[in-house]
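> Next comes the structure file input-v8.cif, holding mmCIF, C-alpha atoms and all ligand atoms; chains and numbers go by the auth columns.
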data_my_file
loop_
_atom_site.group_PDB
_atom_site.id
_atom_site.type_symbol
_atom_site.label_atom_id
_atom_site.label_comp_id
_atom_site.label_asym_id
_atom_site.label_seq_id
_atom_site.Cartn_x
_atom_site.Cartn_y
_atom_site.Cartn_z
_atom_site.B_iso_or_equiv
_atom_site.auth_seq_id
_atom_site.auth_asym_id
ATOM 1 C CA MET A 1 -2.056 -5.568 -16.978 0.00 666 A
ATOM 2 C CA SER A 2 -3.396 -8.487 -15.018 0.00 667 A
ATOM 3 C CA TYR A 3 -2.930 -8.943 -11.306 0.00 668 A
ATOM 4 C CA LEU A 4 -1.034 -11.832 -9.750 0.00 669 A
ATOM 5 C CA LYS A 5 -2.799 -14.125 -7.341 0.00 670 A
ATOM 6 C CA TRP A 6 -1.521 -16.131 -4.409 0.00 671 A
ATOM 7 C CA ASP A 7 -1.863 -19.854 -4.911 0.00 672 A
ATOM 8 C CA PRO A 8 -1.795 -22.406 -2.067 0.00 673 A
ATOM 9 C CA SER A 9 0.962 -24.272 -3.946 0.00 674 A
ATOM 10 C CA TYR A 10 3.255 -21.267 -3.231 0.00 675 A
ATOM 11 C CA SER A 11 3.211 -22.084 0.475 0.00 676 A
ATOM 12 C CA VAL A 12 6.457 -22.848 2.325 0.00 677 A
ATOM 13 C CA ASN A 13 4.456 -24.459 5.146 0.00 678 A
ATOM 14 C CA ASP A 14 5.016 -21.503 7.470 0.00 679 A
ATOM 15 C CA PRO A 15 2.029 -19.144 7.802 0.00 680 A
ATOM 16 C CA PHE A 16 4.180 -16.185 8.875 0.00 681 A
ATOM 17 C CA ILE A 17 6.566 -16.499 5.917 0.00 682 A
ATOM 18 C CA ASP A 18 3.629 -17.130 3.568 0.00 683 A
ATOM 19 C CA SER A 19 2.026 -13.894 4.749 0.00 684 A
ATOM 20 C CA GLN A 20 5.258 -12.035 3.970 0.00 685 A
ATOM 21 C CA HIS A 21 5.408 -13.633 0.517 0.00 686 A
ATOM 22 C CA LYS A 22 1.783 -12.591 -0.045 0.00 687 A
ATOM 23 C CA ASN A 23 2.946 -9.026 0.586 0.00 688 A
ATOM 24 C CA ILE A 24 5.313 -9.260 -2.379 0.00 689 A
ATOM 25 C CA ILE A 25 2.352 -10.234 -4.558 0.00 690 A
ATOM 26 C CA LYS A 26 0.451 -7.249 -3.106 0.00 691 A
ATOM 27 C CA ALA A 27 3.408 -4.992 -3.936 0.00 692 A
ATOM 28 C CA ILE A 28 3.463 -6.326 -7.519 0.00 693 A
ATOM 29 C CA ASN A 29 -0.268 -5.634 -7.861 0.00 694 A
ATOM 30 C CA ALA A 30 0.118 -2.154 -6.359 0.00 695 A
ATOM 31 C CA LEU A 31 2.862 -1.461 -8.883 0.00 696 A
ATOM 32 C CA ILE A 32 0.649 -2.682 -11.744 0.00 697 A
ATOM 33 C CA ASP A 33 -1.990 -0.194 -10.525 0.00 698 A
ATOM 34 C CA ALA A 34 0.615 2.550 -10.293 0.00 699 A
ATOM 35 C CA ILE A 35 1.700 1.913 -13.885 0.00 700 A
ATOM 36 C CA ASP A 36 -1.866 1.658 -15.217 0.00 701 A
ATOM 37 C CA ASP A 37 -3.110 4.741 -13.334 0.00 702 A
ATOM 38 C CA ARG A 38 0.085 6.763 -13.800 0.00 703 A
ATOM 39 C CA LYS A 39 0.377 7.271 -10.059 0.00 704 A
ATOM 40 C CA THR A 40 2.694 9.866 -8.625 0.00 705 A
ATOM 41 C CA ARG A 41 6.365 9.550 -7.831 0.00 706 A
ATOM 42 C CA LEU A 42 5.425 9.788 -4.154 0.00 707 A
ATOM 43 C CA PHE A 43 3.553 6.490 -4.417 0.00 708 A
ATOM 44 C CA CYS A 44 6.590 4.791 -5.937 0.00 709 A
ATOM 45 C CA THR A 45 8.995 6.274 -3.422 0.00 710 A
ATOM 46 C CA LYS A 46 6.795 4.864 -0.649 0.00 711 A
ATOM 47 C CA LEU A 47 6.712 1.482 -2.382 0.00 712 A
ATOM 48 C CA HIS A 48 10.507 1.383 -2.661 0.00 713 A
ATOM 49 C CA LYS A 49 10.842 2.207 1.031 0.00 714 A
ATOM 50 C CA ALA A 50 8.290 -0.483 1.919 0.00 715 A
ATOM 51 C CA LEU A 51 10.242 -3.041 -0.151 0.00 716 A
ATOM 52 C CA GLU A 52 13.496 -2.114 1.574 0.00 717 A
ATOM 53 C CA SER A 53 12.065 -2.595 5.048 0.00 718 A
ATOM 54 C CA TYR A 54 10.211 -5.712 3.894 0.00 719 A
ATOM 55 C CA ALA A 55 13.468 -7.206 2.666 0.00 720 A
ATOM 56 C CA GLU A 56 15.256 -6.462 5.908 0.00 721 A
ATOM 57 C CA ARG A 57 12.592 -8.073 8.119 0.00 722 A
ATOM 58 C CA HIS A 58 11.743 -10.979 5.843 0.00 723 A
ATOM 59 C CA PHE A 59 15.302 -12.028 5.047 0.00 724 A
ATOM 60 C CA PHE A 60 16.350 -11.811 8.695 0.00 725 A
ATOM 61 C CA HIS A 61 13.475 -14.070 9.714 0.00 726 A
ATOM 62 C CA GLU A 62 13.983 -16.546 6.868 0.00 727 A
ATOM 63 C CA GLU A 63 17.754 -16.812 7.339 0.00 728 A
ATOM 64 C CA LYS A 64 17.271 -17.418 11.079 0.00 729 A
ATOM 65 C CA ILE A 65 14.980 -20.357 10.288 0.00 730 A
ATOM 66 C CA LEU A 66 17.413 -21.749 7.694 0.00 731 A
ATOM 67 C CA LEU A 67 20.260 -21.489 10.185 0.00 732 A
ATOM 68 C CA GLU A 68 18.270 -23.232 12.917 0.00 733 A
ATOM 69 C CA ASN A 69 17.444 -26.026 10.491 0.00 734 A
ATOM 70 C CA HIS A 70 21.023 -26.356 9.212 0.00 735 A
ATOM 71 C CA PHE A 71 19.928 -25.729 5.635 0.00 736 A
ATOM 72 C CA PRO A 72 22.987 -26.653 3.498 0.00 737 A
ATOM 73 C CA ASP A 73 22.470 -23.927 0.860 0.00 738 A
ATOM 74 C CA LEU A 74 22.159 -21.061 3.346 0.00 739 A
ATOM 75 C CA ALA A 75 25.126 -19.103 1.927 0.00 740 A
ATOM 76 C CA LYS A 76 23.752 -19.281 -1.613 0.00 741 A
ATOM 77 C CA HIS A 77 20.314 -18.319 -0.333 0.00 742 A
ATOM 78 C CA GLN A 78 21.758 -15.324 1.538 0.00 743 A
ATOM 79 C CA LYS A 79 23.493 -14.189 -1.658 0.00 744 A
ATOM 80 C CA GLU A 80 20.162 -14.195 -3.473 0.00 745 A
ATOM 81 C CA HIS A 81 18.653 -12.130 -0.639 0.00 746 A
ATOM 82 C CA ASP A 82 21.558 -9.675 -0.880 0.00 747 A
ATOM 83 C CA SER A 83 21.019 -9.382 -4.622 0.00 748 A
ATOM 84 C CA PHE A 84 17.368 -8.429 -4.005 0.00 749 A
ATOM 85 C CA THR A 85 18.358 -5.606 -1.651 0.00 750 A
ATOM 86 C CA LYS A 86 21.023 -4.421 -4.085 0.00 751 A
ATOM 87 C CA ARG A 87 18.634 -4.360 -7.048 0.00 752 A
ATOM 88 C CA ILE A 88 15.920 -2.499 -5.086 0.00 753 A
ATOM 89 C CA ASP A 89 18.554 0.063 -4.045 0.00 754 A
ATOM 90 C CA GLU A 90 19.728 0.435 -7.666 0.00 755 A
ATOM 91 C CA LEU A 91 16.187 0.973 -8.927 0.00 756 A
ATOM 92 C CA SER A 92 15.404 3.441 -6.110 0.00 757 A
ATOM 93 C CA ALA A 93 18.548 5.354 -6.991 0.00 758 A
ATOM 94 C CA LYS A 94 17.513 5.494 -10.661 0.00 759 A
ATOM 95 C CA PHE A 95 14.181 6.863 -9.534 0.00 760 A
ATOM 96 C CA ASP A 96 15.835 9.458 -7.296 0.00 761 A
ATOM 97 C CA ARG A 97 17.974 10.542 -10.254 0.00 762 A
ATOM 98 C CA ASP A 98 14.731 11.380 -12.073 0.00 763 A
ATOM 99 C CA GLU A 99 15.141 8.746 -14.744 0.00 764 A
ATOM 100 C CA PRO A 100 11.890 8.293 -16.720 0.00 765 A
ATOM 101 C CA GLU A 101 9.314 7.102 -14.194 0.00 766 A
ATOM 102 C CA ILE A 102 7.611 4.532 -16.366 0.00 767 A
ATOM 103 C CA GLU A 103 10.870 2.854 -17.344 0.00 768 A
ATOM 104 C CA VAL A 104 11.968 2.417 -13.740 0.00 769 A
ATOM 105 C CA GLN A 105 8.504 1.152 -12.772 0.00 770 A
ATOM 106 C CA LEU A 106 8.545 -1.434 -15.546 0.00 771 A
ATOM 107 C CA GLN A 107 12.035 -2.566 -14.560 0.00 772 A
ATOM 108 C CA MET A 108 10.867 -2.872 -10.946 0.00 773 A
ATOM 109 C CA LEU A 109 7.822 -4.856 -12.043 0.00 774 A
ATOM 110 C CA ASP A 110 9.950 -7.251 -14.120 0.00 775 A
ATOM 111 C CA PHE A 111 12.352 -7.656 -11.246 0.00 776 A
ATOM 112 C CA LEU A 112 9.648 -8.404 -8.650 0.00 777 A
ATOM 113 C CA LYS A 113 7.945 -10.928 -10.938 0.00 778 A
ATOM 114 C CA GLU A 114 11.274 -12.609 -11.592 0.00 779 A
ATOM 115 C CA TRP A 115 11.877 -12.655 -7.822 0.00 780 A
ATOM 116 C CA LEU A 116 8.540 -14.354 -7.246 0.00 781 A
ATOM 117 C CA TYR A 117 9.253 -17.100 -9.782 0.00 782 A
ATOM 118 C CA LYS A 118 13.000 -17.573 -9.367 0.00 783 A
ATOM 119 C CA HIS A 119 13.367 -17.036 -5.645 0.00 784 A
ATOM 120 C CA ILE A 120 10.066 -17.477 -3.799 0.00 785 A
ATOM 121 C CA LEU A 121 8.784 -20.329 -5.967 0.00 786 A
ATOM 122 C CA THR A 122 12.184 -21.955 -6.500 0.00 787 A
ATOM 123 C CA SER A 123 14.802 -21.200 -3.824 0.00 788 A
ATOM 124 C CA ASP A 124 12.310 -20.718 -0.971 0.00 789 A
ATOM 125 C CA ARG A 125 10.480 -23.821 -2.167 0.00 790 A
ATOM 126 C CA ALA A 126 13.783 -25.757 -1.890 0.00 791 A
ATOM 127 C CA TYR A 127 14.241 -24.905 1.802 0.00 792 A
ATOM 128 C CA ALA A 128 10.559 -25.636 2.480 0.00 793 A
ATOM 129 C CA ASP A 129 11.006 -29.120 0.974 0.00 794 A
ATOM 130 C CA PHE A 130 14.226 -29.623 2.920 0.00 795 A
ATOM 131 C CA ILE A 131 12.632 -28.663 6.256 0.00 796 A
ATOM 132 C CA GLN A 132 9.555 -30.731 5.535 0.00 797 A
ATOM 133 C CA LYS A 133 11.648 -33.850 4.803 0.00 798 A
ATOM 134 C CA LYS A 134 13.730 -33.232 7.896 0.00 799 A
ATOM 135 C CA THR A 135 10.776 -32.883 10.241 0.00 800 A
ATOM 136 C CA ARG A 136 9.131 -35.989 8.798 0.00 801 A
ATOM 137 C CA LYS A 137 12.111 -38.172 9.754 0.00 802 A
HETATM 138 FE FE FE B . 11.225 -15.596 1.052 0.00 901 B
HETATM 139 FE FE FE B . 14.444 -16.515 0.579 0.00 902 B
#
Starting from the coordinates I provided, produce the structure as C-alpha cells.

Amino acid sequence: MSYLKWDPSYSVNDPFIDSQHKNIIKAINALIDAIDDRKTRLFCTKLHKALESYAERHFFHEEKILLENHFPDLAKHQKEHDSFTKRIDELSAKFDRDEPEIEVQLQMLDFLKEWLYKHILTSDRAYADFIQKKTRK
C-alpha cells in the first residue's frame, strides 16, 4: 500500500494545527506499515490510544480557536469531532473483543483516510478560509 504525503495545500494557516494534522498522516502511514508487516496487536492498541489522546488535545485546541473567531458552523464542526472519537472508540472496542485483526485495521485505515479527506481537507479547510477572510478585513 502506498503512503500518504502531506501537501502544503492541506495547510489551515496555523503551524500548530498543521503539525497535528501531519500526525494523522503519520498515523495512517504507521497503520499501512502495521497491515503490510502484520505487526502485533500491541502496536495497534498503542495506535488506538495515541489516536484517542490526539483527538482530545487536537479537538480542544481547534474548537477553542473556532469559538474565539465566532465560526458560525462550530456546532456542526464539534459534531464531526465527536463522531471521530466515537468511531475510534468503536474500532478499539472491536479490537479488544478479539475481532479479526486485519479487518479492524482495514476499517481503521478507511476511516482515517476518509477523515483526512472529508474533515481535515473539507471542514477544517472551511474554517481556515473563514478565519483568513475575517483577518483580511
Ligand atoms: Fe483538525
Ligand atoms: Fe476539525
> I want to know what sits within 10 Å of region 795-802 of chain A, based on all atoms listed in the file, with residues of the same chain fewer than 5 positions away left out; could you give that as a ChimeraX atom specification?
/A:677-678,730-731,734-737,789-790
> As JSON, numbers by chain, please: every protein or nucleic acid residue near ligand FE 902 (chain B) (cut-off 9 Å, counting all atoms listed in the file).
{"A": [723, 724, 727, 728, 742, 743, 745, 746, 784, 785, 788, 789, 790, 792]}
> Choose the residue, out of A:Asp683, A:Asp701, A:Asp672, A:Asp738, that has the smallest atom-to-atom separation from Ala791 (chain A); count only C-alpha atoms.
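Among the listed residues, the smallest separation from Ala791 (chain A) belongs to A:Asp738.
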> Check the smallest atom-to-atom distance from each of A:Lys729, A:Lys751, A:His713, A:Lys759 to ligand FE 901 (chain B) using all atoms listed in the file, then report the winner.
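Of the candidates, the smallest distance to ligand FE 901 (chain B) is held by A:Lys729.
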> Could you write out as a list of chain:residue names the residues that the PyMOL selection byres (((chain A and resi 763-776) around 9) and not hetatm) matches in the shown file?
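Selection result, ordered by chain and number: A:Ile693, A:Leu696, A:Ile697, A:Ala699, A:Ile700, A:Arg703, A:Arg706, A:Cys709, A:Phe749, A:Arg752, A:Ile753, A:Leu756, A:Ser757, A:Ala758, A:Lys759, A:Phe760, A:Asp761, A:Arg762, A:Leu777, A:Lys778, A:Glu779, A:Trp780, A:Leu781.
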> Can you turn the PyMOL selection byres (((chain A and resi 720) around 10) and not hetatm) into a concrete residue list for this file, as a list in words?
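Given this file, the PyMOL selection byres (((chain A and resi 720) around 10) and not hetatm) evaluates to Gln685, Ile689, Lys714, Ala715, Leu716, Glu717, Ser718, Tyr719, Glu721, Arg722, His723, Phe724, Phe725, His726, His746, Asp747, Phe749, Thr750 and Ile753 of chain A.
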> Rounded to one decimal place, report the CA of Pro680 (chain A)-CA of Leu786 (chain A) distance in Å.
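These two atoms are separated by 15.4 Å.
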> Just the number, please: distance in Å from CA of Met666 (chain A) to CA of Asp698 (chain A), one decimal.
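Between CA of Met666 (chain A) and CA of Asp698 (chain A) the gap is 8.4 Å.
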> So what do you get for CA of Leu712 (chain A) versus CA of Ser667 (chain A), distance-wise?
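The value is 19.0 Å.
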> Let me make sure I understand: among A:Thr710, A:Thr787, A:Asn688, A:Ser748, which one has the smallest atom-to-atom distance to Ser674 (chain A) if we use all atoms listed in the file?
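Going through A:Thr710, A:Thr787, A:Asn688, A:Ser748 one by one, the smallest distance to Ser674 (chain A) is for A:Thr787.
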> Between A:Lys783, A:Lys691, A:His686, A:Lys744, single out the one closest to ligand FE 901 (chain B), counting all atoms listed in the file.
A:His686
> Taking only C-alpha atoms and all ligand atoms into account, name the residue in A:Ile682, A:Leu669, A:Ile690, A:Ser676 that is nearest to ligand FE 901 (chain B).
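Closest candidate: A:Ile682.
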> Write region 769-801 of chain A as a PDB file, in the frame of the given file, completed to N, CA and C atoms.

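Writing the result to selection-v8.pdb gives the following:
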ATOM      1  N   VAL A 769      11.520   2.987 -15.016  1.00  0.00           N
ATOM      2  CA  VAL A 769      11.968   2.417 -13.740  1.00  0.00           C
ATOM      3  C   VAL A 769      10.867   1.523 -13.161  1.00  0.00           C
ATOM      4  N   GLN A 770       9.623   1.962 -13.292  1.00  0.00           N
ATOM      5  CA  GLN A 770       8.504   1.152 -12.772  1.00  0.00           C
ATOM      6  C   GLN A 770       8.421  -0.193 -13.492  1.00  0.00           C
ATOM      7  N   LEU A 771       8.614  -0.171 -14.794  1.00  0.00           N
ATOM      8  CA  LEU A 771       8.545  -1.434 -15.546  1.00  0.00           C
ATOM      9  C   LEU A 771       9.714  -2.355 -15.198  1.00  0.00           C
ATOM     10  N   GLN A 772      10.875  -1.751 -14.971  1.00  0.00           N
ATOM     11  CA  GLN A 772      12.035  -2.566 -14.560  1.00  0.00           C
ATOM     12  C   GLN A 772      11.790  -3.175 -13.179  1.00  0.00           C
ATOM     13  N   MET A 773      11.187  -2.377 -12.294  1.00  0.00           N
ATOM     14  CA  MET A 773      10.867  -2.872 -10.946  1.00  0.00           C
ATOM     15  C   MET A 773       9.848  -4.014 -11.032  1.00  0.00           C
ATOM     16  N   LEU A 774       8.855  -3.831 -11.886  1.00  0.00           N
ATOM     17  CA  LEU A 774       7.822  -4.856 -12.043  1.00  0.00           C
ATOM     18  C   LEU A 774       8.440  -6.164 -12.566  1.00  0.00           C
ATOM     19  N   ASP A 775       9.283  -6.060 -13.570  1.00  0.00           N
ATOM     20  CA  ASP A 775       9.950  -7.251 -14.120  1.00  0.00           C
ATOM     21  C   ASP A 775      10.778  -7.926 -13.038  1.00  0.00           C
ATOM     22  N   PHE A 776      11.489  -7.091 -12.273  1.00  0.00           N
ATOM     23  CA  PHE A 776      12.352  -7.656 -11.246  1.00  0.00           C
ATOM     24  C   PHE A 776      11.534  -8.384 -10.164  1.00  0.00           C
ATOM     25  N   LEU A 777      10.446  -7.775  -9.720  1.00  0.00           N
ATOM     26  CA  LEU A 777       9.648  -8.404  -8.650  1.00  0.00           C
ATOM     27  C   LEU A 777       8.980  -9.700  -9.133  1.00  0.00           C
ATOM     28  N   LYS A 778       8.553  -9.701 -10.388  1.00  0.00           N
ATOM     29  CA  LYS A 778       7.945 -10.928 -10.938  1.00  0.00           C
ATOM     30  C   LYS A 778       8.996 -12.032 -11.023  1.00  0.00           C
ATOM     31  N   GLU A 779      10.179 -11.639 -11.483  1.00  0.00           N
ATOM     32  CA  GLU A 779      11.274 -12.609 -11.592  1.00  0.00           C
ATOM     33  C   GLU A 779      11.613 -13.140 -10.207  1.00  0.00           C
ATOM     34  N   TRP A 780      11.586 -12.258  -9.206  1.00  0.00           N
ATOM     35  CA  TRP A 780      11.877 -12.655  -7.822  1.00  0.00           C
ATOM     36  C   TRP A 780      10.847 -13.679  -7.336  1.00  0.00           C
ATOM     37  N   LEU A 781       9.605 -13.426  -7.660  1.00  0.00           N
ATOM     38  CA  LEU A 781       8.540 -14.354  -7.246  1.00  0.00           C
ATOM     39  C   LEU A 781       8.805 -15.742  -7.834  1.00  0.00           C
ATOM     40  N   TYR A 782       9.094 -15.793  -9.139  1.00  0.00           N
ATOM     41  CA  TYR A 782       9.253 -17.100  -9.782  1.00  0.00           C
ATOM     42  C   TYR A 782      10.603 -17.761  -9.478  1.00  0.00           C
ATOM     43  N   LYS A 783      11.674 -16.953  -9.530  1.00  0.00           N
ATOM     44  CA  LYS A 783      13.000 -17.573  -9.367  1.00  0.00           C
ATOM     45  C   LYS A 783      13.417 -17.757  -7.917  1.00  0.00           C
ATOM     46  N   HIS A 784      12.954 -16.882  -7.046  1.00  0.00           N
ATOM     47  CA  HIS A 784      13.367 -17.036  -5.645  1.00  0.00           C
ATOM     48  C   HIS A 784      12.250 -17.666  -4.792  1.00  0.00           C
ATOM     49  N   ILE A 785      11.123 -16.980  -4.701  1.00  0.00           N
ATOM     50  CA  ILE A 785      10.066 -17.477  -3.799  1.00  0.00           C
ATOM     51  C   ILE A 785       9.576 -18.869  -4.224  1.00  0.00           C
ATOM     52  N   LEU A 786       9.345 -19.043  -5.526  1.00  0.00           N
ATOM     53  CA  LEU A 786       8.784 -20.329  -5.967  1.00  0.00           C
ATOM     54  C   LEU A 786       9.852 -21.367  -6.307  1.00  0.00           C
ATOM     55  N   THR A 787      11.114 -20.995  -6.191  1.00  0.00           N
ATOM     56  CA  THR A 787      12.184 -21.955  -6.500  1.00  0.00           C
ATOM     57  C   THR A 787      13.106 -22.125  -5.291  1.00  0.00           C
ATOM     58  N   SER A 788      13.838 -21.076  -4.923  1.00  0.00           N
ATOM     59  CA  SER A 788      14.802 -21.200  -3.824  1.00  0.00           C
ATOM     60  C   SER A 788      14.096 -21.359  -2.469  1.00  0.00           C
ATOM     61  N   ASP A 789      13.042 -20.571  -2.242  1.00  0.00           N
ATOM     62  CA  ASP A 789      12.310 -20.718  -0.971  1.00  0.00           C
ATOM     63  C   ASP A 789      11.610 -22.087  -0.918  1.00  0.00           C
ATOM     64  N   ARG A 790      11.122 -22.503  -2.057  1.00  0.00           N
ATOM     65  CA  ARG A 790      10.480 -23.821  -2.167  1.00  0.00           C
ATOM     66  C   ARG A 790      11.488 -24.924  -1.766  1.00  0.00           C
ATOM     67  N   ALA A 791      12.754 -24.752  -2.178  1.00  0.00           N
ATOM     68  CA  ALA A 791      13.783 -25.757  -1.890  1.00  0.00           C
ATOM     69  C   ALA A 791      13.994 -25.890  -0.380  1.00  0.00           C
ATOM     70  N   TYR A 792      14.046 -24.756   0.349  1.00  0.00           N
ATOM     71  CA  TYR A 792      14.241 -24.905   1.802  1.00  0.00           C
ATOM     72  C   TYR A 792      12.983 -25.466   2.458  1.00  0.00           C
ATOM     73  N   ALA A 793      11.807 -25.108   1.908  1.00  0.00           N
ATOM     74  CA  ALA A 793      10.559 -25.636   2.480  1.00  0.00           C
ATOM     75  C   ALA A 793      10.546 -27.163   2.349  1.00  0.00           C
ATOM     76  N   ASP A 794      10.959 -27.666   1.188  1.00  0.00           N
ATOM     77  CA  ASP A 794      11.006 -29.120   0.974  1.00  0.00           C
ATOM     78  C   ASP A 794      12.022 -29.766   1.905  1.00  0.00           C
ATOM     79  N   PHE A 795      13.174 -29.091   2.050  1.00  0.00           N
ATOM     80  CA  PHE A 795      14.226 -29.623   2.920  1.00  0.00           C
ATOM     81  C   PHE A 795      13.712 -29.727   4.366  1.00  0.00           C
ATOM     82  N   ILE A 796      13.108 -28.667   4.865  1.00  0.00           N
ATOM     83  CA  ILE A 796      12.632 -28.663   6.256  1.00  0.00           C
ATOM     84  C   ILE A 796      11.506 -29.685   6.446  1.00  0.00           C
ATOM     85  N   GLN A 797      10.665 -29.776   5.432  1.00  0.00           N
ATOM     86  CA  GLN A 797       9.555 -30.731   5.535  1.00  0.00           C
ATOM     87  C   GLN A 797      10.084 -32.170   5.628  1.00  0.00           C
ATOM     88  N   LYS A 798      11.065 -32.494   4.795  1.00  0.00           N
ATOM     89  CA  LYS A 798      11.648 -33.850   4.803  1.00  0.00           C
ATOM     90  C   LYS A 798      12.296 -34.124   6.149  1.00  0.00           C
ATOM     91  N   LYS A 799      12.994 -33.109   6.648  1.00  0.00           N
ATOM     92  CA  LYS A 799      13.730 -33.232   7.896  1.00  0.00           C
ATOM     93  C   LYS A 799      12.791 -33.477   9.078  1.00  0.00           C
ATOM     94  N   THR A 800      11.691 -32.741   9.111  1.00  0.00           N
ATOM     95  CA  THR A 800      10.776 -32.883  10.241  1.00  0.00           C
ATOM     96  C   THR A 800       9.954 -34.162  10.160  1.00  0.00           C
ATOM     97  N   ARG A 801       9.880 -34.741   8.955  1.00  0.00           N
ATOM     98  CA  ARG A 801       9.131 -35.989   8.798  1.00  0.00           C
ATOM     99  C   ARG A 801       9.912 -37.193   9.328  1.00  0.00           C
TER     100      ARG A 801
END
